[in-house]
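J.: My structure is in query-v2.cif, and what it holds is mmCIF, C-alpha atoms and all ligand atoms:
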```cif
data_my_file
#
loop_
_atom_site.label_atom_id
_atom_site.label_comp_id
_atom_site.auth_asym_id
_atom_site.auth_seq_id
_atom_site.Cartn_x
_atom_site.Cartn_y
_atom_site.Cartn_z
CA MET A 1 12.50 -2.86 20.62
CA ALA A 2 12.08 0.87 20.93
CA THR A 3 9.93 2.02 23.80
CA SER A 4 8.89 5.17 21.95
CA THR A 5 5.36 6.40 22.51
CA TYR A 6 5.15 7.69 18.94
CA PRO A 7 3.55 5.64 16.19
CA LEU A 8 6.22 4.14 13.94
CA LEU A 9 4.84 6.13 11.02
CA GLU A 10 2.55 9.13 11.15
CA VAL A 11 1.33 10.85 7.98
CA GLU A 12 -0.67 14.05 8.32
CA ASN A 13 -2.51 15.92 5.54
CA LEU A 14 0.02 14.74 2.96
CA SER A 15 -0.37 15.91 -0.63
CA VAL A 16 1.78 15.23 -3.66
CA ALA A 17 1.16 17.05 -6.95
CA PHE A 18 3.12 16.68 -10.17
CA PRO A 19 3.34 19.67 -12.49
CA VAL A 20 2.41 18.81 -16.05
CA SER A 21 2.77 21.03 -19.08
CA GLY A 22 -0.71 21.84 -20.33
CA GLY A 23 -1.86 22.07 -23.93
CA PHE A 24 -2.89 25.33 -25.62
CA GLY A 25 -4.63 27.67 -23.25
CA PHE A 26 -4.20 25.43 -20.22
CA GLY A 27 -0.94 26.82 -18.85
CA ARG A 28 0.60 24.90 -15.98
CA ARG A 29 -1.56 22.25 -14.43
CA SER A 30 -0.96 19.67 -11.76
CA VAL A 31 -1.77 16.03 -11.29
CA HIS A 32 -2.99 15.78 -7.72
CA ALA A 33 -1.74 12.25 -7.14
CA VAL A 34 -2.08 12.31 -3.33
CA ASN A 35 -4.56 14.61 -1.63
CA ASP A 36 -4.68 15.41 2.07
CA VAL A 37 -3.87 11.89 3.29
CA SER A 38 -3.50 11.13 7.00
CA LEU A 39 -2.67 7.70 8.40
CA ARG A 40 -0.64 5.93 11.07
CA ILE A 41 1.17 2.63 11.14
CA GLN A 42 2.22 1.11 14.47
CA ALA A 43 5.29 -1.10 14.87
CA GLY A 44 4.50 -4.63 13.69
CA GLU A 45 1.27 -3.61 12.00
CA THR A 46 0.29 -4.34 8.39
CA LEU A 47 -1.78 -1.67 6.67
CA GLY A 48 -3.26 -2.57 3.29
CA LEU A 49 -3.57 0.23 0.74
CA VAL A 50 -6.04 -0.53 -2.04
CA GLY A 51 -7.70 1.27 -4.92
CA GLU A 52 -7.81 1.16 -8.68
CA SER A 53 -4.79 1.86 -10.83
CA GLY A 54 -3.92 5.57 -10.78
CA SER A 55 -5.46 6.23 -7.36
CA GLY A 56 -2.12 7.37 -5.94
CA LYS A 57 -1.02 4.30 -3.98
CA SER A 58 2.54 4.14 -5.31
CA THR A 59 3.02 7.90 -5.01
CA LEU A 60 1.88 7.78 -1.37
CA GLY A 61 4.21 4.83 -0.65
CA ARG A 62 7.13 6.65 -2.25
CA ALA A 63 6.37 9.92 -0.46
CA ILE A 64 6.30 8.05 2.87
CA LEU A 65 9.81 6.75 2.16
CA HIS A 66 10.95 10.25 1.11
CA LEU A 67 11.43 9.11 -2.47
CA GLU A 68 8.85 11.64 -3.68
CA ARG A 69 8.60 15.26 -2.59
CA ALA A 70 5.45 16.18 -0.68
CA THR A 71 3.73 19.42 -1.72
CA ALA A 72 1.96 19.74 1.62
CA GLY A 73 1.60 17.90 4.92
CA THR A 74 4.02 15.91 7.02
CA VAL A 75 5.52 12.45 7.38
CA ARG A 76 6.98 11.47 10.75
CA PHE A 77 8.95 8.30 11.41
CA GLU A 78 9.29 7.42 15.11
CA GLY A 79 8.10 10.93 15.87
CA ARG A 80 10.85 12.60 13.82
CA LEU A 81 9.91 14.88 10.97
CA ILE A 82 10.90 13.48 7.56
CA THR A 83 9.24 16.00 5.22
CA GLY A 84 11.60 18.97 5.41
CA GLY A 85 13.41 17.06 8.15
CA LEU A 86 17.04 16.99 9.27
CA PRO A 87 19.47 15.01 7.08
CA SER A 88 20.26 12.79 10.10
CA ASP A 89 16.56 11.93 10.53
CA ILE A 90 16.22 11.16 6.82
CA ALA A 91 19.35 8.97 7.02
CA SER A 92 17.77 7.17 9.96
CA LEU A 93 14.61 6.59 7.88
CA ARG A 94 16.80 5.12 5.10
CA GLU A 95 18.38 2.73 7.62
CA GLN A 96 15.03 1.47 8.85
CA THR A 97 12.80 1.28 5.78
CA ALA A 98 12.82 -0.65 2.53
CA MET A 99 10.66 -1.11 -0.52
CA ILE A 100 9.66 -4.29 -2.37
CA PHE A 101 8.48 -3.84 -5.94
CA GLN A 102 6.10 -5.52 -8.33
CA ASP A 103 8.74 -6.65 -10.79
CA PRO A 104 11.43 -8.45 -8.84
CA PHE A 105 13.69 -8.66 -11.89
CA SER A 106 13.90 -4.89 -12.27
CA SER A 107 14.91 -4.35 -8.65
CA LEU A 108 17.81 -6.81 -8.90
CA ASN A 109 20.96 -5.98 -10.83
CA PRO A 110 21.33 -8.51 -13.69
CA ARG A 111 25.12 -8.15 -13.58
CA GLN A 112 25.34 -9.12 -9.92
CA THR A 113 24.78 -12.49 -8.37
CA ILE A 114 22.02 -12.59 -5.76
CA GLY A 115 24.72 -12.93 -3.07
CA GLU A 116 26.70 -9.91 -4.35
CA GLY A 117 23.56 -7.77 -4.34
CA ILE A 118 22.74 -8.62 -0.73
CA ALA A 119 26.40 -8.30 0.34
CA GLU A 120 26.48 -4.79 -1.12
CA VAL A 121 23.52 -3.75 1.02
CA LEU A 122 25.12 -5.28 4.13
CA ARG A 123 28.38 -3.39 3.47
CA VAL A 124 26.81 -0.03 2.58
CA HIS A 125 24.61 -0.08 5.68
CA GLY A 126 27.37 -1.48 7.91
CA LYS A 127 25.29 -4.50 8.86
CA ALA A 128 28.11 -7.05 8.48
CA GLN A 129 31.85 -7.05 7.71
CA GLY A 130 34.43 -9.40 6.23
CA ALA A 131 33.81 -13.08 6.71
CA ALA A 132 30.49 -12.39 8.43
CA ILE A 133 29.05 -11.16 5.12
CA PRO A 134 28.71 -14.50 3.26
CA ALA A 135 27.33 -16.09 6.42
CA ARG A 136 24.70 -13.37 6.75
CA VAL A 137 23.83 -13.65 3.03
CA GLY A 138 23.22 -17.39 3.57
CA GLU A 139 21.07 -16.65 6.64
CA LEU A 140 18.95 -14.11 4.77
CA LEU A 141 18.41 -16.46 1.83
CA THR A 142 17.37 -19.22 4.22
CA LEU A 143 15.02 -16.81 5.98
CA VAL A 144 13.12 -16.16 2.75
CA GLY A 145 13.01 -19.85 1.83
CA LEU A 146 15.83 -19.90 -0.73
CA ASP A 147 18.82 -22.20 -0.72
CA PRO A 148 22.07 -20.45 0.36
CA GLU A 149 23.54 -21.72 -2.89
CA HIS A 150 21.22 -19.33 -4.77
CA ALA A 151 23.76 -16.68 -3.70
CA THR A 152 25.93 -17.61 -6.69
CA ARG A 153 23.14 -17.27 -9.26
CA ARG A 154 22.11 -14.24 -11.27
CA PRO A 155 18.48 -13.04 -11.38
CA GLN A 156 18.04 -14.41 -14.93
CA ALA A 157 18.65 -17.93 -13.60
CA LEU A 158 15.80 -17.70 -11.06
CA SER A 159 12.02 -18.00 -11.40
CA GLY A 160 9.75 -15.00 -10.71
CA GLY A 161 8.90 -16.29 -7.23
CA GLN A 162 12.57 -16.94 -6.41
CA CYS A 163 13.46 -13.42 -7.61
CA GLN A 164 10.78 -11.93 -5.39
CA ARG A 165 12.21 -13.87 -2.43
CA ALA A 166 15.69 -12.59 -3.32
CA GLY A 167 14.28 -9.04 -3.47
CA ILE A 168 12.74 -9.52 -0.03
CA ALA A 169 16.06 -10.89 1.32
CA ARG A 170 17.78 -7.76 -0.02
CA ALA A 171 15.15 -5.54 1.62
CA LEU A 172 15.55 -7.43 4.92
CA ALA A 173 19.35 -7.05 4.85
CA ILE A 174 19.08 -3.60 6.42
CA GLU A 175 16.88 -5.03 9.20
CA PRO A 176 14.04 -2.62 8.42
CA ARG A 177 11.22 -1.71 10.78
CA LEU A 178 8.90 -0.68 7.93
CA ILE A 179 8.59 -2.18 4.46
CA VAL A 180 6.53 -0.65 1.68
CA ALA A 181 5.49 -3.56 -0.54
CA ASP A 182 4.16 -2.10 -3.80
CA GLU A 183 2.08 -4.68 -5.70
CA CYS A 184 4.79 -7.17 -4.75
CA VAL A 185 2.76 -10.27 -5.65
CA ALA A 186 0.76 -8.90 -8.58
CA ALA A 187 3.09 -10.35 -11.22
CA LEU A 188 3.25 -13.84 -9.67
CA ASP A 189 1.15 -16.99 -10.17
CA VAL A 190 -1.54 -17.50 -7.55
CA SER A 191 0.27 -20.38 -5.81
CA ILE A 192 3.53 -18.38 -5.67
CA GLN A 193 1.56 -15.35 -4.45
CA ALA A 194 0.32 -17.43 -1.53
CA GLN A 195 3.86 -18.49 -0.69
CA ILE A 196 5.11 -14.90 -0.68
CA ILE A 197 2.15 -13.78 1.46
CA ASN A 198 2.91 -16.58 3.94
CA LEU A 199 6.53 -15.48 3.97
CA LEU A 200 5.59 -11.87 4.74
CA MET A 201 3.24 -13.03 7.52
CA ASP A 202 6.01 -15.16 8.98
CA LEU A 203 8.59 -12.35 8.80
CA ARG A 204 6.18 -9.90 10.41
CA GLU A 205 5.75 -12.37 13.27
CA ARG A 206 9.44 -13.07 13.70
CA MET A 207 10.88 -9.59 13.13
CA GLY A 208 8.07 -7.29 14.26
CA LEU A 209 8.06 -5.71 10.79
CA ALA A 210 5.49 -3.08 9.92
CA ILE A 211 4.27 -3.33 6.32
CA LEU A 212 2.45 -0.91 4.07
CA PHE A 213 1.00 -3.45 1.68
CA ILE A 214 -0.07 -1.80 -1.56
CA ALA A 215 -2.32 -3.90 -3.75
CA HIS A 216 -5.30 -3.61 -6.04
CA ASP A 217 -6.31 -7.18 -5.18
CA LEU A 218 -8.52 -7.12 -2.10
CA ALA A 219 -8.53 -10.88 -1.62
CA VAL A 220 -4.80 -10.83 -0.91
CA VAL A 221 -5.15 -7.82 1.39
CA ARG A 222 -7.86 -9.57 3.37
CA ARG A 223 -5.50 -12.43 4.25
CA LEU A 224 -2.52 -10.34 5.22
CA CYS A 225 -3.55 -7.00 6.66
CA ASP A 226 -4.60 -5.81 10.12
CA ARG A 227 -6.17 -2.65 8.73
CA VAL A 228 -7.06 -1.41 5.27
CA ALA A 229 -7.08 2.05 3.68
CA VAL A 230 -9.03 2.55 0.45
CA MET A 231 -7.79 5.23 -1.94
CA TYR A 232 -9.76 6.98 -4.66
CA LEU A 233 -8.30 9.78 -6.80
CA GLY A 234 -5.55 10.52 -4.30
CA ARG A 235 -7.73 10.50 -1.18
CA ILE A 236 -8.31 7.91 1.50
CA VAL A 237 -12.07 7.38 1.31
CA GLU A 238 -12.31 4.64 3.93
CA MET A 239 -9.99 3.12 6.53
CA GLY A 240 -10.48 0.65 9.34
CA PRO A 241 -9.83 -2.85 10.67
CA THR A 242 -9.76 -5.43 7.87
CA HIS A 243 -12.90 -7.28 9.01
CA THR A 244 -14.85 -4.00 9.24
CA ILE A 245 -13.79 -2.89 5.76
CA PHE A 246 -14.79 -6.23 4.26
CA ASP A 247 -17.93 -6.96 6.25
CA GLN A 248 -19.35 -3.49 6.87
CA PRO A 249 -17.94 -1.06 4.32
CA LEU A 250 -19.51 2.38 4.63
CA HIS A 251 -18.22 3.97 1.43
CA PRO A 252 -19.97 2.91 -1.81
CA TYR A 253 -16.56 2.69 -3.53
CA THR A 254 -15.33 0.16 -0.97
CA SER A 255 -18.61 -1.76 -1.26
CA ALA A 256 -18.12 -2.02 -5.01
CA LEU A 257 -14.50 -3.15 -4.68
CA VAL A 258 -15.40 -5.74 -2.05
CA ALA A 259 -18.37 -6.99 -4.07
CA ALA A 260 -16.05 -7.49 -7.04
CA ILE A 261 -13.83 -10.02 -5.24
CA PRO A 262 -14.54 -13.27 -7.09
CA GLU A 263 -12.94 -15.45 -4.38
CA ILE A 264 -15.79 -14.85 -1.92
CA ASP A 265 -18.13 -16.88 -4.08
CA PRO A 266 -16.86 -17.80 -7.54
CA ASP A 267 -20.37 -18.83 -8.68
CA ARG A 268 -21.95 -15.50 -7.84
CA PRO A 269 -22.23 -13.24 -10.90
CA LEU A 270 -20.30 -9.99 -10.48
CA PRO A 271 -22.58 -7.05 -9.75
CA ALA A 272 -22.10 -5.12 -12.96
CA ASP A 273 -23.84 -1.96 -11.79
CA LEU A 274 -22.01 -1.12 -8.56
CA LEU A 275 -19.34 0.94 -10.23
CA ARG A 276 -20.07 3.05 -13.29
CA GLY A 277 -17.31 3.50 -15.83
CA GLU A 278 -13.66 4.32 -15.29
CA PRO A 279 -12.10 6.66 -12.71
CA PRO A 280 -11.79 10.26 -13.98
CA SER A 281 -8.34 11.71 -14.67
CA PRO A 282 -6.58 13.14 -11.61
CA LEU A 283 -6.01 16.22 -13.79
CA SER A 284 -9.69 17.12 -13.52
CA ILE A 285 -11.04 15.82 -10.23
CA PRO A 286 -14.85 16.20 -10.04
CA ALA A 287 -16.31 18.81 -7.70
CA GLY A 288 -18.02 17.61 -4.53
CA CYS A 289 -17.37 13.98 -3.70
CA PRO A 290 -14.77 12.85 -6.29
CA PHE A 291 -16.58 9.51 -6.51
CA HIS A 292 -20.06 10.91 -7.19
CA PRO A 293 -20.09 10.47 -11.02
CA ARG A 294 -19.61 6.70 -10.54
CA CYS A 295 -21.68 6.29 -7.39
CA ILE A 296 -25.00 4.48 -7.66
CA HIS A 297 -26.16 6.09 -4.39
CA ALA A 298 -25.14 9.68 -5.23
CA LEU A 299 -27.51 12.44 -4.11
CA PRO A 300 -27.73 15.77 -5.97
CA ALA A 301 -25.73 17.43 -3.15
CA CYS A 302 -22.81 15.02 -3.68
CA GLY A 303 -21.78 16.90 -6.83
CA HIS A 304 -21.18 20.24 -5.10
CA GLY A 305 -18.84 21.84 -2.61
CA PRO A 306 -15.61 20.43 -1.18
CA ALA A 307 -14.83 16.72 -1.06
CA PRO A 308 -16.39 15.17 2.05
CA GLY A 309 -13.90 14.79 4.89
CA LEU A 310 -13.40 11.55 6.82
CA ARG A 311 -16.07 10.82 9.43
CA HIS A 312 -15.06 8.62 12.33
CA ARG A 313 -16.94 5.82 14.06
CA ALA A 314 -14.52 4.41 16.62
CA ASP A 315 -11.58 2.99 14.60
CA HIS A 316 -13.49 3.17 11.31
CA ALA A 317 -13.25 6.27 9.07
CA PHE A 318 -15.15 6.96 5.84
CA ALA A 319 -15.67 9.93 3.53
CA CYS A 320 -19.33 9.68 2.52
CA VAL A 321 -22.38 11.72 3.52
CA LEU A 322 -24.96 8.97 2.93
CA HIS A 323 -24.73 7.76 6.49
CA ASP A 324 -25.73 11.17 7.82
CA ARG A 325 -29.28 10.33 6.77
CA SER A 326 -29.69 6.70 7.59
CA SER A 327 -27.19 4.16 8.81
CA ASP A 328 -28.64 1.59 6.43
CA SER A 329 -28.68 3.58 3.24
CA ILE A 330 -26.04 1.61 1.39
CA HIS A 331 -26.10 -1.63 3.31
CA PRO A 332 -28.71 -3.50 1.31
CA VAL A 333 -26.38 -3.51 -1.69
CA THR A 334 -23.39 -4.62 0.32
CA LYS A 335 -25.29 -7.32 2.18
CA GLY A 336 -26.88 -8.71 -0.93
CA ALA A 337 -23.58 -8.85 -2.72
CA LEU A 338 -21.51 -10.19 0.13
CA GLN A 339 -23.61 -12.48 2.21
CA HIS A 340 -26.02 -13.74 -0.46
CA GLU A 341 -28.63 -14.45 2.21
N1 LIG A 401 6.25 11.30 -11.82
C1 LIG A 401 5.00 11.57 -12.18
N2 LIG A 401 4.70 12.64 -12.97
C2 LIG A 401 3.43 12.94 -13.33
N3 LIG A 401 2.36 12.21 -12.94
C3 LIG A 401 2.59 11.13 -12.16
C4 LIG A 401 3.90 10.74 -11.75
N4 LIG A 401 3.80 9.63 -10.98
C5 LIG A 401 2.50 9.32 -10.92
N5 LIG A 401 1.76 10.23 -11.61
C6 LIG A 401 0.30 10.24 -11.76
O1 LIG A 401 -0.25 10.26 -10.45
C7 LIG A 401 -1.42 9.46 -10.38
C8 LIG A 401 -1.25 8.39 -9.32
O2 LIG A 401 -0.29 7.47 -9.77
P1 LIG A 401 0.22 6.24 -8.90
O3 LIG A 401 0.67 6.74 -7.57
O4 LIG A 401 1.22 5.49 -9.69
O5 LIG A 401 -1.13 5.38 -8.71
P2 LIG A 401 -1.31 3.83 -8.37
O6 LIG A 401 -0.04 3.33 -7.77
O7 LIG A 401 -2.48 3.80 -7.43
O8 LIG A 401 -1.64 3.15 -9.66
C9 LIG A 401 -1.62 8.90 -11.78
O9 LIG A 401 -2.53 9.73 -12.46
C10 LIG A 401 -0.25 8.98 -12.40
O10 LIG A 401 -0.35 9.14 -13.80
MG MG A 402 1.16 1.76 -8.35
#
```
Can you give me the file's structure in the form of structure tokens?
Ligand SMILES: Nc1ncnc2c1ncn2[C@@H]1O[C@H](COP(=O)(O)OP(=O)(O)O)[C@@H](O)[C@H]1O
Ligand SMILES: [Mg+2]

T.:
Amino acid sequence: MATSTYPLLEVENLSVAFPVSGGFGFGRRSVHAVNDVSLRIQAGETLGLVGESGSGKSTLGRAILHLERATAGTVRFEGRLITGGLPSDIASLREQTAMIFQDPFSSLNPRQTIGEGIAEVLRVHGKAQGAAIPARVGELLTLVGLDPEHATRRPQALSGGQCQRAGIARALAIEPRLIVADECVAALDVSIQAQIINLLMDLRERMGLAILFIAHDLAVVRRLCDRVAVMYLGRIVEMGPTHTIFDQPLHPYTSALVAAIPEIDPDRPLPADLLRGEPPSPLSIPAGCPFHPRCIHALPACGHGPAPGLRHRADHAFACVLHDRSSDSIHPVTKGALQHE
């Protein structure tokens, strides 16, 4: 284990914008997919990243792995600059990070057997040579709960859950220190989801893996993650330890997401009025707090000025001004919805 004093991953003020060609009279516009995001992940830690579809989770995950160009801000891996960094530092990031995707079929090559795909990674990254390769392939398949004989099969011959395990085995072949798992259980049946979550928890324990776990399903995040970051329109609006985010959310958006988890009490009717409408387009982000048009607690001032920055209370950060006035201003809703006292 490295004895470095740096966090494994440090993201500071990261923004990613995509230019889009505008219609008549609009000229060049940008989709601000990620906006001024700062976060850290320590070795062995699992950070959940949640938010509705389009909130910028995948773009942030890809920018962290240097698969997307940042328009501003920095990403550091083990203290070394990745954004605009040296080729050797980017190569080192590639050797130590991997991504797991939602659709396991699309990340596996249909013309390769599972074993060939893993062997290729081992060879390219110099992790095993010659006769050691098939042995290591067998070990990796066993590690993810597959039979070593699955090495001879093609992805089409496996179930969705088996494919996801094979995808994880391929990601683990490089012996990564950080995995970005992007909606990696979203396409699977609930029972298979649970198996994959257990597998990730087990691997984290055994290998000291850090995981950025991207999901829109908070129930899954609650089981797996040490901390949670909530994204809305490209910004982190709340971040903190998992129990704090679930039990004492301070941003009305988080409260609404948490209240919408059916697993907490399947008999409780969903609070229909905690979240108005759909998120606005990231092409035209509202002035003031970007969440204010959907916020049931919004004050007139919330619609003006710059987006509120993150306020910190110990290890809990939230971007909402309501708590400047009274610490209880949004809690009645959260308590009623969550604890049904
Ligand atoms: N390559 C791209 N070009 C233009 N817009 C993009 C691109 N990738 C993502 N976006 C836009 O950026 C926003 C965030 O997308 P994404 O990161 O995929 O969100 P999420 O993963 O939370 O669903 C969306 O509005 C999406 O349409
Ligand atoms: Mg996504």

J.: So that each row is one residue of chain A with an atom at most 10 Å from ligand MG 402 (chain A), can you give its shortest atom pair and the distance in Å to one decimal, using all atoms listed in the file, rows by chain and rising number, as JSON lines?

T.:
```
{"residue": "A:Val50", "atom": "CA", "partner": "A:MG402", "partner_atom": "MG", "distance": 9.8}
{"residue": "A:Gly51", "atom": "CA", "partner": "A:MG402", "partner_atom": "MG", "distance": 9.5}
{"residue": "A:Glu52", "atom": "CA", "partner": "A:MG402", "partner_atom": "MG", "distance": 9.0}
{"residue": "A:Ser53", "atom": "CA", "partner": "A:MG402", "partner_atom": "MG", "distance": 6.4}
{"residue": "A:Gly54", "atom": "CA", "partner": "A:MG402", "partner_atom": "MG", "distance": 6.8}
{"residue": "A:Ser55", "atom": "CA", "partner": "A:MG402", "partner_atom": "MG", "distance": 8.0}
{"residue": "A:Gly56", "atom": "CA", "partner": "A:MG402", "partner_atom": "MG", "distance": 6.9}
{"residue": "A:Lys57", "atom": "CA", "partner": "A:MG402", "partner_atom": "MG", "distance": 5.5}
{"residue": "A:Ser58", "atom": "CA", "partner": "A:MG402", "partner_atom": "MG", "distance": 4.1}
{"residue": "A:Thr59", "atom": "CA", "partner": "A:MG402", "partner_atom": "MG", "distance": 7.2}
{"residue": "A:Leu60", "atom": "CA", "partner": "A:MG402", "partner_atom": "MG", "distance": 9.2}
{"residue": "A:Gly61", "atom": "CA", "partner": "A:MG402", "partner_atom": "MG", "distance": 8.8}
{"residue": "A:Arg62", "atom": "CA", "partner": "A:MG402", "partner_atom": "MG", "distance": 9.8}
{"residue": "A:Phe101", "atom": "CA", "partner": "A:MG402", "partner_atom": "MG", "distance": 9.5}
{"residue": "A:Gln102", "atom": "CA", "partner": "A:MG402", "partner_atom": "MG", "distance": 8.8}
{"residue": "A:Asp182", "atom": "CA", "partner": "A:MG402", "partner_atom": "MG", "distance": 6.7}
{"residue": "A:Glu183", "atom": "CA", "partner": "A:MG402", "partner_atom": "MG", "distance": 7.0}
{"residue": "A:Ile214", "atom": "CA", "partner": "A:MG402", "partner_atom": "MG", "distance": 7.8}
{"residue": "A:Ala215", "atom": "CA", "partner": "A:MG402", "partner_atom": "MG", "distance": 8.1}
{"residue": "A:His216", "atom": "CA", "partner": "A:MG402", "partner_atom": "MG", "distance": 8.7}
```

J.: For those residues, write C-alpha atoms to a file as an mmCIF file, keeping the file's coordinate frame.

T.:
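Saved as out.cif:
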```cif
data_model
loop_
_atom_site.group_PDB
_atom_site.id
_atom_site.type_symbol
_atom_site.label_atom_id
_atom_site.label_comp_id
_atom_site.auth_asym_id
_atom_site.auth_seq_id
_atom_site.Cartn_x
_atom_site.Cartn_y
_atom_site.Cartn_z
ATOM 1 C CA VAL A 50 -6.040 -0.530 -2.040
ATOM 2 C CA GLY A 51 -7.700 1.270 -4.920
ATOM 3 C CA GLU A 52 -7.810 1.160 -8.680
ATOM 4 C CA SER A 53 -4.790 1.860 -10.830
ATOM 5 C CA GLY A 54 -3.920 5.570 -10.780
ATOM 6 C CA SER A 55 -5.460 6.230 -7.360
ATOM 7 C CA GLY A 56 -2.120 7.370 -5.940
ATOM 8 C CA LYS A 57 -1.020 4.300 -3.980
ATOM 9 C CA SER A 58 2.540 4.140 -5.310
ATOM 10 C CA THR A 59 3.020 7.900 -5.010
ATOM 11 C CA LEU A 60 1.880 7.780 -1.370
ATOM 12 C CA GLY A 61 4.210 4.830 -0.650
ATOM 13 C CA ARG A 62 7.130 6.650 -2.250
ATOM 14 C CA PHE A 101 8.480 -3.840 -5.940
ATOM 15 C CA GLN A 102 6.100 -5.520 -8.330
ATOM 16 C CA ASP A 182 4.160 -2.100 -3.800
ATOM 17 C CA GLU A 183 2.080 -4.680 -5.700
ATOM 18 C CA ILE A 214 -0.070 -1.800 -1.560
ATOM 19 C CA ALA A 215 -2.320 -3.900 -3.750
ATOM 20 C CA HIS A 216 -5.300 -3.610 -6.040
#
```

J.: What's around A:Pro279 at 12 Å? Count only C-alpha atoms, leave out sequence neighbours fewer than 3 positions away in its own chain, and write the answer as a compact mmCIF listing (two decimals) with C-alpha atoms, in the coordinates of the input.

T.:
```
# COMPACT_ATOMS: atom_id res chain seq x y z
CA GLY A 51 -7.70 1.27 -4.92
CA GLU A 52 -7.81 1.16 -8.68
CA SER A 53 -4.79 1.86 -10.83
CA GLY A 54 -3.92 5.57 -10.78
CA SER A 55 -5.46 6.23 -7.36
CA MET A 231 -7.79 5.23 -1.94
CA TYR A 232 -9.76 6.98 -4.66
CA LEU A 233 -8.30 9.78 -6.80
CA GLY A 234 -5.55 10.52 -4.30
CA TYR A 253 -16.56 2.69 -3.53
CA LEU A 275 -19.34 0.94 -10.23
CA ARG A 276 -20.07 3.05 -13.29
CA PRO A 282 -6.58 13.14 -11.61
CA LEU A 283 -6.01 16.22 -13.79
CA SER A 284 -9.69 17.12 -13.52
CA ILE A 285 -11.04 15.82 -10.23
CA PRO A 286 -14.85 16.20 -10.04
CA PRO A 290 -14.77 12.85 -6.29
CA PHE A 291 -16.58 9.51 -6.51
CA HIS A 292 -20.06 10.91 -7.19
CA PRO A 293 -20.09 10.47 -11.02
CA ARG A 294 -19.61 6.70 -10.54
CA CYS A 295 -21.68 6.29 -7.39
```

J.: Using all atoms listed in the file - which residues lie no farther than 12 Å from the point (16.6, 6.8, 2.0) in the file's frame? Write them as a PyMOL selection string.

T.: chain A and resi 62-68+82+87-99+125+174+176

J.: List the neighbours of A:Glu12 out to 7 Å using only C-alpha atoms; skip same-chain residues closer than 5 positions along the sequence, and give me the result as a short mmCIF file (atom, residue, chain, number, x, y, z; two decimals) with C-alpha atoms, keeping the file's coordinate frame.

T.:
```cif
data_model
loop_
_atom_site.label_atom_id
_atom_site.label_comp_id
_atom_site.auth_asym_id
_atom_site.auth_seq_id
_atom_site.Cartn_x
_atom_site.Cartn_y
_atom_site.Cartn_z
CA VAL A 37 -3.87 11.89 3.29
CA SER A 38 -3.50 11.13 7.00
CA LEU A 39 -2.67 7.70 8.40
CA GLY A 73 1.60 17.90 4.92
CA THR A 74 4.02 15.91 7.02
CA VAL A 75 5.52 12.45 7.38
#
```

J.: So how far away is atom CA of A:Gly288 from atom CA of A:Arg311, in Å?

T.: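 Computed distance, atom CA of A:Arg311 to atom CA of A:Gly288, equals 15.6 Å.
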
J.: One decimal, Å: what's the distance from atom O10 of ligand LIG 401 (chain A) over to atom CA of A:Ala259, could you say?

T.: 26.1 Å

J.: Out of A:Gly309, A:Gly167, A:Gly44, A:Pro19, which residue has the shortest atom-to-atom distance to A:Ile236 when counting all atoms listed in the file?

T.: A:Gly309

J.: Find the residues around A:Phe318 up to 10 Å (all atoms listed in the file counted), leave out those fewer than 5 positions away in its own chain, and share them as a list in words.

T.: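 Near A:Phe318, the qualifying residues are Ala229, Val230, Ile236, Val237, Glu238, Met239, Gly240, Ile245, Pro249, Leu250, His251, Pro252, Thr254, Pro308, Gly309, Leu310, Arg311, His312, Arg313 and His323 of chain A.
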
J.: Could you please take those selected residues and save C-alpha atoms as a PDB file, in the frame of the given file?

T.:
```
ATOM      1  CA  ALA A 229      -7.080   2.050   3.680  1.00  0.00           C
ATOM      2  CA  VAL A 230      -9.030   2.550   0.450  1.00  0.00           C
ATOM      3  CA  ILE A 236      -8.310   7.910   1.500  1.00  0.00           C
ATOM      4  CA  VAL A 237     -12.070   7.380   1.310  1.00  0.00           C
ATOM      5  CA  GLU A 238     -12.310   4.640   3.930  1.00  0.00           C
ATOM      6  CA  MET A 239      -9.990   3.120   6.530  1.00  0.00           C
ATOM      7  CA  GLY A 240     -10.480   0.650   9.340  1.00  0.00           C
ATOM      8  CA  ILE A 245     -13.790  -2.890   5.760  1.00  0.00           C
ATOM      9  CA  PRO A 249     -17.940  -1.060   4.320  1.00  0.00           C
ATOM     10  CA  LEU A 250     -19.510   2.380   4.630  1.00  0.00           C
ATOM     11  CA  HIS A 251     -18.220   3.970   1.430  1.00  0.00           C
ATOM     12  CA  PRO A 252     -19.970   2.910  -1.810  1.00  0.00           C
ATOM     13  CA  THR A 254     -15.330   0.160  -0.970  1.00  0.00           C
ATOM     14  CA  PRO A 308     -16.390  15.170   2.050  1.00  0.00           C
ATOM     15  CA  GLY A 309     -13.900  14.790   4.890  1.00  0.00           C
ATOM     16  CA  LEU A 310     -13.400  11.550   6.820  1.00  0.00           C
ATOM     17  CA  ARG A 311     -16.070  10.820   9.430  1.00  0.00           C
ATOM     18  CA  HIS A 312     -15.060   8.620  12.330  1.00  0.00           C
ATOM     19  CA  ARG A 313     -16.940   5.820  14.060  1.00  0.00           C
ATOM     20  CA  HIS A 323     -24.730   7.760   6.490  1.00  0.00           C
TER      21      HIS A 323
END
```

J.: Can you tell me how far atom CA of A:Leu188 sits from atom CA of A:Leu47, in Å to one decimal?

T.: 21.0 Å

J.: Of the candidates A:Thr5, A:Ser107, A:Thr152, A:Thr113, which shows the shortest atom-to-atom distance to A:Gln164, using only C-alpha atoms?

T.: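 Of A:Thr5, A:Ser107, A:Thr152, A:Thr113, the one nearest A:Gln164, counting only C-alpha atoms, is A:Ser107.
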
J.: List the neighbours of stretch 134-146 of chain A out to 9 Å using only C-alpha atoms; skip same-chain residues closer than 6 positions along the sequence, and give me the result as a ChimeraX atom specification.

T.: /A:115-116,118-119,122,128,162,165-166,168-170,172-173,196,199-200,203
